[in-house]
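Before any comments, here is the structure.
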Amino acid sequence: MKPFTTLTAPAAPLPIANLDTDQIIPKQFLATVERTGLAKGLFYDLRFDEEGREKPDCPLNQSAFADAQILIAGANFGCGSSREHAPWALADFGIRALIAPSFADIFYNNCFNNGLLPIVLPQGAVDELMAEAKGANHVFVVDLAKQIVSAPSGKTFNFDIDPGRKRKLLEGLDDIGLSLKREEDIARFEDLRRIGAAWRR
Amino acid sequence: MPGKTLYDKIWDSHLVATESDGTSLLYIDLHLIHEVTSPQAFAGLRAAGRAVRRPDLMLAVADHNTPTLKQDAGIAAVADGEARLQLETLDRNVAEAGVEYFPMGDVRNGIVHVVGPEQGRTQPGMTIVCGDSHTSTHGAFGALAFGIGTSEVEHVMATQTLRARKAKNMRVRFEGAPARGVYAKDYVLAMIGAIGMGGGTGHVIEYDGPAIRALSMEARMTVCNMSIEAGARAGLIAPDENTFRYLMGRAGAPKGGAWQEALLYWKTLHADPDCVWDAEHTIDVSSLAPQVTWGTNPGQVCGVDETIPSPDEYEEAIQRDTARRALAYMGLESGQKLEGLKIDRVFIGSCTNARIEDLRVVAEIVKGARVAAGVRALVVPGSGLVRAQAEEEELDRIFIDAGFEWREPGCSMCLGMNPDIAAPGERVASTSNRNFEGRQGRGARTHLMSPASAAAAALAGAITDVRGMQ
């Protein structure tokens, strides 16, 4: 996995709460056996009208945000289904960091398995960043090691992150590789729990 | 030291190791898979030269994109090329890995969360995962069950463990006895309305109280199923005699001496009286009316006899904005009554409400009556076995005579990955779990409700208070 250290990039504002995974990547794009190629379906109903034409009022269709690698959104981002197609679509579109007042649990977890950094900040801070993203200069800096987001105005915001998840992103760690080092522990656990428990497989 | 909650007990008994950064390695007892969220996991394993560690702890079904007509024609007859490729890929992957599999058309096939319990594979005290958020359904048996992403599916396949962080403990007590016409679906919709669609985020909910104890296992599954709609990591109910009676004799349940051993263990699976809850809520079901959603998330819900609230009633600007957006999408106005609102479609199905008891409730209401003119109504049973049971009881005749389409099992119109979708602007009375924008088809307007309320809506051609019809 590609490590995440610092990111200097434009941020696009999506001032909507509860952007669920059905909106992030609608059902018609789920019938794939690949992890890539999902960018075309990202926020499909927000970005395109019924005839498949771009909606000009969607920030993601505006030239100012063409190179956005950061999204700033409303609370409870990623609620709904467990589909990892949501972070795959975001990553495929070029998004590397998300900023919102809260994220749904499964989506939040899925981000870290795809080199995507979800940043939780208080509603007030998100509102300020949202306002800045709508301004002429909307290049933000995210420094994961220092846990700081810097807005174009120079104002900075500190964010919290679980140390294990932070390390995983910074070093681009492979979870399966790490867990397989615990094979002895896993095998011992399996042996012990079958003692006096014939019903267990 | 304070006592433990049921979640604490299951967590502790599955802890393989804890890393220095606090990440836990949790052992997984049952891994359910389906065609949509597993192909990339198998591909990842293959690319890394890794094997499936415990195929005997897995169970596979095809459910999300399967058509609900002519399943016996097989995968080759599935019209959508991409869906067909996913189904073929699942076939190949499970054969290669040696995973037990109920393919489309097998009588044991159906929605993964209906099949697991039906087969007795879902048992108290287990950890159960699946690449599907409604895995919380299995919590009805006192199992810790939750949805995971595809990278985690691959991780579980390779290691039979999950890297996890412990959630907080929430208890929701349901008190009182419901009025006639009020069901488990109404309980859980009312709860989501009360705590909000993000109200359970970061928590595992344990449901308890006399109203929960009085529910059948199938109704408990309906409650646990929608835990995720409140944002909770999982929902569970301590097992009791109902649970044991349901499990006894099922294919995957322990037999003989092993059953007795299991039973002794299962009876220890309850919260200690001195445990500590991080959050607690109480819902009195005796005052509940049948619940119907008016918006585009399951928390935007009210009693069928109430009027749609005004966005201005919400405290926070973002909630007001969300409510306004929802009303615009749904083509509704605040102050409007839900009762009498005309509907175009009815969907009886999904992992929330497609078990035999749900179908019996619907049959009782629609027996001898007719679906209103202009309304298209579907009954999609949760599994082949549910379908067979319904046919044995001749419920299918009641549905067909009333003008319902009687389909083959699958997720169907709950998420509209198969051909069953609604047209833009169509209003759907649905027994499923999500009313998100576009979920049942672009522009489709979903109203979530119980099977009884959906049956009543089908006959009236409009949202109706089922209490007046039973």
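Ligands are numbered from 1 in the order shown, chains are lettered A, B, ... in the order of the structure tokens, and residues start at 1 in each chain.
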
- [ ] Fewer than 6 positions away in the same chain doesn't count, so skip those; otherwise give me all residues within 10 Å of A:Leu60, counting only C-alpha atoms, as a PyMOL selection string.
- [x] chain A and resi 12-14+42-43+46-47+54+66-68+71

Task: Picked from stretch 181-387 of chain B by DSSP as helix (DSSP H, G or I), as a PyMOL selection string - done: chain B and resi 184-195+210-213+217-230+241-247+256-266+285-287+311-313+317-330+356-366+384-387

Open item on the list: List the spatial neighbours of B:Glu206 as a ChimeraX atom specification - criterion: any atom at most 8 Å away, only C-alpha atoms, same-chain residues fewer than 2 positions off excluded.
Closed with: /B:6-7,169-172,204,208,235-238

Open item on the list: Taking 3 positions as the minimum chain separation for residues in the same chain, which residues sit within 8 Å of B:Met58 when counting only C-alpha atoms? Answer as number ranges by chain.
Closed with: B: 30-33, 54-55, 99-100

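Proximity to chain A at a cut-off of 6 Å picks out B:Asp21, B:Pro39, B:Gln40, B:Glu82, B:Ala83, B:Asp132, B:Ser133, B:Ile148, B:Gly149, B:Thr150, B:His155, B:Pro254, B:Ala258, B:Met417 on chain B, counting only C-alpha atoms.
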
Open item on the list: With only C-alpha atoms as the counted atoms, please give the residues lying no more than 10 Å from A:Phe140, apart from itself and same-chain residues fewer than 4 positions off, as JSON, numbers by chain.
Closed with: {"A": [7, 8, 9, 10, 11, 68, 69, 70, 129, 132, 133, 149, 150, 151, 152, 153, 154, 156]}

For the residues in that selection, give me N, CA and C atoms as a short mmCIF file (atom, residue, chain, number, x, y, z; two decimals), in the first residue's frame.
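Result saved to selection-v2.cif:
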```
data_model
loop_
_atom_site.label_atom_id
_atom_site.label_comp_id
_atom_site.auth_asym_id
_atom_site.auth_seq_id
_atom_site.Cartn_x
_atom_site.Cartn_y
_atom_site.Cartn_z
N LEU A 7 0.44 15.69 2.46
CA LEU A 7 -0.31 15.91 1.23
C LEU A 7 -0.55 17.40 1.07
N THR A 8 -0.13 17.95 -0.06
CA THR A 8 -0.41 19.35 -0.38
C THR A 8 -1.27 19.35 -1.63
N ALA A 9 -2.55 19.70 -1.48
CA ALA A 9 -3.46 19.54 -2.61
C ALA A 9 -4.72 20.37 -2.43
N PRO A 10 -5.42 20.64 -3.54
CA PRO A 10 -6.70 21.34 -3.44
C PRO A 10 -7.74 20.48 -2.72
N ALA A 11 -8.64 21.15 -2.00
CA ALA A 11 -9.73 20.47 -1.33
C ALA A 11 -11.05 20.92 -1.93
N ALA A 68 -8.60 18.12 -7.12
CA ALA A 68 -8.83 17.94 -5.68
C ALA A 68 -8.37 16.56 -5.23
N GLN A 69 -7.62 16.53 -4.14
CA GLN A 69 -7.23 15.25 -3.53
C GLN A 69 -7.76 15.15 -2.11
N ILE A 70 -8.48 16.22 -1.71
CA ILE A 70 -9.06 16.26 -0.36
C ILE A 70 -10.54 16.60 -0.52
N LEU A 129 -13.08 25.29 7.42
CA LEU A 129 -12.33 24.73 6.29
C LEU A 129 -13.18 24.73 5.03
N GLU A 132 -13.18 28.10 3.55
CA GLU A 132 -11.91 28.38 2.86
C GLU A 132 -11.83 27.64 1.53
N ALA A 133 -12.35 26.42 1.50
CA ALA A 133 -12.29 25.63 0.27
C ALA A 133 -13.10 26.28 -0.84
N VAL A 149 -3.83 19.80 9.97
CA VAL A 149 -4.34 20.28 8.69
C VAL A 149 -4.10 21.78 8.64
N SER A 150 -3.47 22.27 7.56
CA SER A 150 -3.26 23.71 7.39
C SER A 150 -4.16 24.21 6.27
N ALA A 151 -4.95 25.22 6.59
CA ALA A 151 -5.85 25.81 5.61
C ALA A 151 -5.07 26.82 4.76
N PRO A 152 -5.63 27.22 3.61
CA PRO A 152 -4.94 28.20 2.75
C PRO A 152 -4.60 29.49 3.49
N SER A 153 -5.44 29.90 4.45
CA SER A 153 -5.19 31.14 5.20
C SER A 153 -4.00 31.00 6.14
N GLY A 154 -3.53 29.78 6.32
CA GLY A 154 -2.43 29.56 7.26
C GLY A 154 -2.90 29.04 8.61
N THR A 156 -4.21 26.58 11.32
CA THR A 156 -3.96 25.13 11.44
C THR A 156 -4.92 24.49 12.44
#
```

Task: Nearest to B:Ala456 by atom-to-atom distance, counting only C-alpha atoms, from B:Ala145, B:Val346, B:Ala354, B:Val61 - done: B:Val346

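Our summary of the geometry notes that atom CA of B:Leu90 is positioned 11.7 Å from atom CA of B:Leu59.
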
Task: In stretch 2-186 of chain A, DSSP strand (DSSP E or B) residues written as an MDAnalysis selection string - done: chainID A and resid 6:14 48 54 70:73 77 97:100 103 117:120 139:143 148:150 156:158

Open item on the list: Which residues are near B:Val188? Cut-off 12 Å, only C-alpha atoms, ignore same chain within fewer than 3 positions. Put them as JSON, numbers by chain.
Closed with: {"B": [172, 173, 174, 182, 183, 184, 185, 191, 192, 193, 194, 195, 196, 197, 205, 207, 211, 212, 219, 220, 221, 222, 223, 224, 225, 226, 227, 228, 229, 230, 235, 282, 283, 284, 285, 288, 290, 291, 292, 293, 298, 299, 301, 302, 352, 433, 448, 449, 450]}

Residues from last step as file, N, CA and C atoms, as a CSV table (one decimal), in the first residue's frame:
```
chain,number,residue,atom,x,y,z
B,172,VAL,N,-30.0,-0.7,24.9
B,172,VAL,CA,-31.4,-0.2,24.6
B,172,VAL,C,-32.4,-1.1,25.1
B,173,ARG,N,-33.2,-0.7,26.1
B,173,ARG,CA,-34.3,-1.5,26.6
B,173,ARG,C,-35.6,-1.2,26.0
B,174,PHE,N,-36.3,-2.2,25.6
B,174,PHE,CA,-37.6,-2.0,25.1
B,174,PHE,C,-38.6,-2.5,26.1
B,182,VAL,N,-48.4,-3.4,15.6
B,182,VAL,CA,-47.1,-2.9,15.9
B,182,VAL,C,-46.1,-4.0,16.0
B,183,TYR,N,-45.0,-4.0,15.3
B,183,TYR,CA,-44.1,-5.1,15.2
B,183,TYR,C,-42.6,-4.7,15.5
B,184,ALA,N,-41.7,-5.7,15.5
B,184,ALA,CA,-40.3,-5.5,15.7
B,184,ALA,C,-39.7,-4.4,14.8
B,185,LYS,N,-40.2,-4.4,13.6
B,185,LYS,CA,-39.7,-3.4,12.6
B,185,LYS,C,-40.0,-2.0,13.2
B,191,MET,N,-36.6,3.4,17.4
B,191,MET,CA,-35.3,3.6,18.1
B,191,MET,C,-34.4,4.5,17.3
B,192,ILE,N,-34.3,4.2,16.0
B,192,ILE,CA,-33.4,5.0,15.1
B,192,ILE,C,-33.9,6.4,15.0
B,193,GLY,N,-35.2,6.6,15.0
B,193,GLY,CA,-35.8,7.9,15.0
B,193,GLY,C,-35.4,8.7,16.3
B,194,ALA,N,-35.3,7.9,17.4
B,194,ALA,CA,-35.0,8.5,18.7
B,194,ALA,C,-33.6,8.9,18.9
B,195,ILE,N,-32.7,8.0,18.5
B,195,ILE,CA,-31.2,8.2,18.7
B,195,ILE,C,-30.5,8.8,17.5
B,196,GLY,N,-31.2,8.7,16.3
B,196,GLY,CA,-30.6,9.2,15.1
B,196,GLY,C,-29.8,8.2,14.3
B,197,MET,N,-29.6,8.4,13.0
B,197,MET,CA,-28.9,7.4,12.2
B,197,MET,C,-27.4,7.3,12.6
B,205,ILE,N,-24.6,-2.3,20.4
B,205,ILE,CA,-25.9,-2.1,21.1
B,205,ILE,C,-26.3,-3.5,21.6
B,207,TYR,N,-29.6,-5.2,23.1
B,207,TYR,CA,-31.1,-5.0,23.2
B,207,TYR,C,-31.6,-5.9,24.3
B,211,ALA,N,-40.1,-6.4,26.2
B,211,ALA,CA,-40.6,-6.4,24.8
B,211,ALA,C,-39.7,-7.2,23.9
B,212,ILE,N,-38.4,-7.2,24.2
B,212,ILE,CA,-37.4,-8.0,23.4
B,212,ILE,C,-37.6,-9.5,23.7
B,219,ALA,N,-38.2,-12.1,14.7
B,219,ALA,CA,-38.5,-10.7,15.0
B,219,ALA,C,-37.2,-10.1,15.6
B,220,ARG,N,-36.5,-10.9,16.5
B,220,ARG,CA,-35.2,-10.3,17.0
B,220,ARG,C,-34.2,-10.0,15.9
B,221,MET,N,-34.2,-10.9,14.9
B,221,MET,CA,-33.3,-10.7,13.8
B,221,MET,C,-33.6,-9.3,13.1
B,222,THR,N,-34.9,-9.0,13.0
B,222,THR,CA,-35.3,-7.7,12.4
B,222,THR,C,-34.7,-6.6,13.2
B,223,VAL,N,-34.8,-6.7,14.5
B,223,VAL,CA,-34.3,-5.6,15.3
B,223,VAL,C,-32.7,-5.5,15.2
B,224,CYS,N,-32.0,-6.6,15.3
B,224,CYS,CA,-30.6,-6.6,15.2
B,224,CYS,C,-30.1,-6.1,13.8
B,225,ASN,N,-30.8,-6.6,12.8
B,225,ASN,CA,-30.5,-6.2,11.4
B,225,ASN,C,-30.3,-4.7,11.2
B,226,MET,N,-31.2,-3.9,11.9
B,226,MET,CA,-31.1,-2.5,11.6
B,226,MET,C,-30.2,-1.7,12.6
B,227,SER,N,-29.5,-2.4,13.4
B,227,SER,CA,-28.5,-1.8,14.3
B,227,SER,C,-27.6,-0.9,13.5
B,228,ILE,N,-27.2,-1.3,12.3
B,228,ILE,CA,-26.3,-0.6,11.5
B,228,ILE,C,-26.9,0.7,11.0
B,229,GLU,N,-28.2,0.7,10.9
B,229,GLU,CA,-28.9,1.9,10.4
B,229,GLU,C,-28.9,3.0,11.5
B,230,ALA,N,-28.6,2.7,12.7
B,230,ALA,CA,-28.3,3.7,13.8
B,230,ALA,C,-26.8,3.9,13.9
B,235,GLY,N,-25.3,-5.2,16.9
B,235,GLY,CA,-26.4,-5.2,17.9
B,235,GLY,C,-26.6,-6.7,18.3
B,282,THR,N,-34.1,3.9,26.5
B,282,THR,CA,-35.3,3.1,26.8
B,282,THR,C,-36.4,3.5,25.8
B,283,ILE,N,-37.0,2.5,25.2
B,283,ILE,CA,-38.1,2.8,24.3
B,283,ILE,C,-39.4,2.1,24.9
B,284,ASP,N,-40.5,2.8,25.0
B,284,ASP,CA,-41.7,2.2,25.5
B,284,ASP,C,-42.5,1.8,24.3
B,285,VAL,N,-42.7,0.5,24.0
B,285,VAL,CA,-43.4,0.1,22.8
B,285,VAL,C,-44.9,0.2,22.9
B,288,LEU,N,-46.3,3.0,20.9
B,288,LEU,CA,-45.9,3.2,19.5
B,288,LEU,C,-47.0,3.0,18.5
B,290,PRO,N,-47.6,2.2,14.3
B,290,PRO,CA,-46.8,1.7,13.2
B,290,PRO,C,-45.9,2.8,12.6
B,291,GLN,N,-44.6,2.5,12.4
B,291,GLN,CA,-43.7,3.6,12.0
B,291,GLN,C,-43.5,3.5,10.5
B,292,VAL,N,-43.3,4.7,9.9
B,292,VAL,CA,-43.1,4.8,8.4
B,292,VAL,C,-42.1,5.9,8.2
B,293,THR,N,-41.0,5.7,7.4
B,293,THR,CA,-40.1,6.7,7.2
B,293,THR,C,-40.6,7.7,6.1
B,298,PRO,N,-33.0,6.2,7.6
B,298,PRO,CA,-34.0,5.5,8.5
B,298,PRO,C,-34.4,6.3,9.8
B,299,GLY,N,-33.6,7.3,10.1
B,299,GLY,CA,-33.9,8.1,11.3
B,299,GLY,C,-35.0,9.1,11.0
B,301,VAL,N,-38.2,9.3,10.5
B,301,VAL,CA,-39.4,8.4,10.6
B,301,VAL,C,-40.4,9.0,11.6
B,302,CYS,N,-41.6,8.6,11.4
B,302,CYS,CA,-42.7,9.0,12.4
B,302,CYS,C,-43.8,8.0,12.4
B,352,THR,N,-34.1,-7.9,6.3
B,352,THR,CA,-34.8,-7.4,7.5
B,352,THR,C,-36.1,-8.1,7.7
B,433,ASN,N,-34.4,-2.0,4.6
B,433,ASN,CA,-33.7,-1.4,5.7
B,433,ASN,C,-33.2,0.0,5.3
B,448,LEU,N,-39.8,3.1,4.4
B,448,LEU,CA,-39.6,1.9,5.1
B,448,LEU,C,-40.7,1.7,6.1
B,449,MET,N,-41.1,0.4,6.2
B,449,MET,CA,-42.2,0.1,7.2
B,449,MET,C,-42.2,-1.4,7.4
B,450,SER,N,-43.1,-1.9,8.3
B,450,SER,CA,-43.2,-3.3,8.6
B,450,SER,C,-43.9,-4.0,7.5
```
